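Colleague: Sharing a structure here in structure tokens format.
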Amino acid sequence: MSNIWMIETRTLARHIGALALVAVLTTTGAALANDPTNSWIRFAGQKTDSTASPDYDRSFIKEWEANPPKGFPTLSAGNIEPMKIAIKRYAEIAERGGWQPLPEVVLSPGTANSAVGILKARLLSSGDLKEPSSQPDYYDFYTEKAVKRFQASNGLTPTGITDKRTIAALNVPAAARLRQLRANLARLQEFGRGLPKKYVVVNIPSAQIEAVEGDRVVSRHSGVVGKIDRPTPILRSAVHEMNFNPVWTLPPTVIEKDLIPKGQDMQRKNQDVLAKFGIDAYDGNGRKLDSTKVDWKSGATRNLVFKQQPGKENPLGFLKINFHNNYSVYMHDTPSDTIFGRNFRAASSGCVRVLGIEHLANWLLADNGGWTAEKIEGLKKSGERQNVTLKRPVPLYFVYVTAWATEDGIVNFRRDLYQKDGVGAVAGAY
């Protein structure tokens, strides 16, 4: 049975007091995507978690969002038939006129409000609430469980409170959800039954990474994917190499959109951006340049190569995972894990940051022999540089799946981050 349906209500209930103020978290996804603190290059002095609130403990929220339950593999061939069943169900809902939109009213257990009746009707339609209530306007225990089910299957922290994001997700029209299901069925069918025994999948809309072996999720990791204006590409490749404590070669997008504007700004103040952030510049012949001689207003700057040595400010953290592609993207660690406690994690310049990357690395290196969790942890602590070629490359898929159903009957939805589903902005606005 899916982990979504196995939420321990008693455990969650202990956190309800701390979550009573969750409604203050109303920052939209689009705002976070354009937040300058999300830049891939972390300029000193910037806060890396702009959504954290000092007013109450967010530990439960961060734990849920940073450690997604394993569940079923997103790309499993076993999901095709459940998808077809879900499409049939949502087609019937859409034919009946869908559901009534909820007003923007924060609802929590114990609330008595006419909006609760609308909420219950909505949850009944999608199957999250199993049967009608004798008190339609009262937010009871069964409604709380239903809201948590809905939140979990929509990638939202299961608080049981209808905050702004939950309401926005509930209000996506049934016709839009139906269209998403149909679009994603086609995406899943592209893989058919041709998936290898062992592979890695990055589902961009859910910002999650799955290590799959034998049609079973070995581990699932919270990730950070590309901003709306710097999207992570859809691709197929294979992991072939790992760089422990790597030198970071700044990619063209970061040079163009982050480094050059910052360099120009600091140069006007007679400051040296390269010296400040420990970045070296090289010309086309590989010769290291005097950082004070770089003219940030010159177009020739775009032809330089910029590198940052390993260290606490290096955005790659202690590990970079390589795979051949035409987009100059890779997976990597990060020196700061605060963003993994956010529900919306589209904040990179296209590459994918991975929480718990050392566990993924250990699994990927299984065929190399001699690699243990202790050895990887030792490299992390020592800072020793080491490049490792995998004896057997592991297939890798960057996919865009915003809707899928699993064997247990759960229908999952995620934000349409890059608006690829043909339903406009409505399915990506929460």
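The way I read the labels, and the way they are meant: chains A, B, ... in the order of the structure tokens, residue 1 as the first residue of every chain, and ligand 1 as the first ligand shown, with later ones counted on from there.
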With a distance cut-off of 10 Å and only C-alpha atoms, select the neighbouring residues of region 423-428 of chain A, excluding the residue or stretch itself and same-chain residues fewer than 5 positions from it, and output the selection as a list in words.
Modeller: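 Within the cut-off, the hits are Thr28, Gly29, Ala30, Ala168, Ala169, Asn171, Val172, Pro173, Ala175, Ala176, Arg177, Leu178, Arg179, Gln180, Pro205, Thr402, Phe413, Arg414, Arg415, Asp416, Leu417 and Tyr418 of chain A.
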Colleague: Any chance you can output those residues with C-alpha atoms as a compact mmCIF listing (two decimals), in the first residue's frame?
Modeller:
# COMPACT_ATOMS: atom_id res chain seq x y z
CA THR A 28 3.49 31.79 -4.29
CA GLY A 29 5.65 29.52 -6.38
CA ALA A 30 6.29 32.20 -8.97
CA ALA A 168 -5.31 26.70 -4.98
CA ALA A 169 -4.67 22.98 -5.59
CA ASN A 171 -9.55 24.71 -7.05
CA VAL A 172 -7.79 23.42 -10.16
CA PRO A 173 -10.82 22.53 -12.34
CA ALA A 175 -11.39 19.46 -16.70
CA ALA A 176 -7.82 20.71 -16.26
CA ARG A 177 -6.92 17.70 -14.13
CA LEU A 178 -8.42 15.42 -16.78
CA ARG A 179 -6.34 17.05 -19.47
CA GLN A 180 -3.23 16.63 -17.32
CA PRO A 205 7.53 18.91 -11.41
CA THR A 402 2.65 16.18 -13.34
CA PHE A 413 -0.77 15.63 -9.10
CA ARG A 414 2.14 18.08 -9.03
CA ARG A 415 2.50 21.68 -10.16
CA ASP A 416 2.76 22.25 -13.91
CA LEU A 417 5.91 24.31 -13.33
CA TYR A 418 6.77 25.05 -16.94
Colleague: From a backbone DSSP assignment, name each residue in region 55-205 of chain A labelled alpha helix (DSSP H), as JSON, numbers by chain.
Modeller: {"A": [59, 60, 61, 62, 63, 64, 65, 66, 80, 81, 82, 83, 84, 85, 86, 87, 88, 89, 90, 91, 92, 93, 94, 95, 114, 115, 116, 117, 118, 119, 120, 121, 122, 123, 124, 125, 126, 141, 142, 143, 144, 145, 146, 147, 148, 149, 150, 151, 152, 153, 164, 165, 166, 167, 168, 169, 170, 174, 175, 176, 177, 178, 179, 180, 181, 182, 183, 184, 185, 186, 187, 188, 189]}
Colleague: Pick out the residues sitting within 8 Å of Asn79 (chain A), and hand them over as a PDB file with N, CA and C atoms, in the first residue's frame; count only C-alpha atoms, and ignore anything fewer than 2 positions along from it in its own chain.
Modeller:
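After the write, selection-v8.pdb holds the following:
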ATOM      1  N   THR A  74       7.523   6.210 -10.155  1.00  0.00           N
ATOM      2  CA  THR A  74       6.691   7.084 -10.992  1.00  0.00           C
ATOM      3  C   THR A  74       6.533   6.519 -12.402  1.00  0.00           C
ATOM      4  N   LEU A  75       7.589   5.939 -12.945  1.00  0.00           N
ATOM      5  CA  LEU A  75       7.562   5.484 -14.335  1.00  0.00           C
ATOM      6  C   LEU A  75       7.163   4.021 -14.498  1.00  0.00           C
ATOM      7  N   SER A  76       6.763   3.364 -13.427  1.00  0.00           N
ATOM      8  CA  SER A  76       6.449   1.942 -13.494  1.00  0.00           C
ATOM      9  C   SER A  76       5.364   1.641 -14.528  1.00  0.00           C
ATOM     10  N   ALA A  77       5.573   0.556 -15.284  1.00  0.00           N
ATOM     11  CA  ALA A  77       4.553   0.118 -16.245  1.00  0.00           C
ATOM     12  C   ALA A  77       3.262  -0.250 -15.530  1.00  0.00           C
ATOM     13  N   GLU A  81      -2.341   1.132 -16.239  1.00  0.00           N
ATOM     14  CA  GLU A  81      -3.748   0.784 -16.073  1.00  0.00           C
ATOM     15  C   GLU A  81      -4.433   1.662 -15.028  1.00  0.00           C
ATOM     16  N   PRO A  82      -3.817   1.912 -13.857  1.00  0.00           N
ATOM     17  CA  PRO A  82      -4.422   2.853 -12.913  1.00  0.00           C
ATOM     18  C   PRO A  82      -4.634   4.245 -13.511  1.00  0.00           C
ATOM     19  N   MET A  83      -3.735   4.665 -14.407  1.00  0.00           N
ATOM     20  CA  MET A  83      -3.911   5.958 -15.077  1.00  0.00           C
ATOM     21  C   MET A  83      -5.170   5.960 -15.937  1.00  0.00           C
ATOM     22  N   TRP A 404      -0.007  11.214 -12.179  1.00  0.00           N
ATOM     23  CA  TRP A 404       0.132   9.762 -12.353  1.00  0.00           C
ATOM     24  C   TRP A 404      -0.674   9.053 -11.283  1.00  0.00           C
ATOM     25  N   ALA A 405      -1.123   7.853 -11.604  1.00  0.00           N
ATOM     26  CA  ALA A 405      -1.878   7.030 -10.655  1.00  0.00           C
ATOM     27  C   ALA A 405      -1.057   5.790 -10.352  1.00  0.00           C
ATOM     28  N   THR A 406      -1.257   5.234  -9.166  1.00  0.00           N
ATOM     29  CA  THR A 406      -0.485   4.062  -8.758  1.00  0.00           C
ATOM     30  C   THR A 406      -1.408   2.889  -8.452  1.00  0.00           C
ATOM     31  N   GLU A 407      -0.808   1.740  -8.209  1.00  0.00           N
ATOM     32  CA  GLU A 407      -1.552   0.499  -8.071  1.00  0.00           C
ATOM     33  C   GLU A 407      -2.591   0.517  -6.957  1.00  0.00           C
TER      34      GLU A 407
END
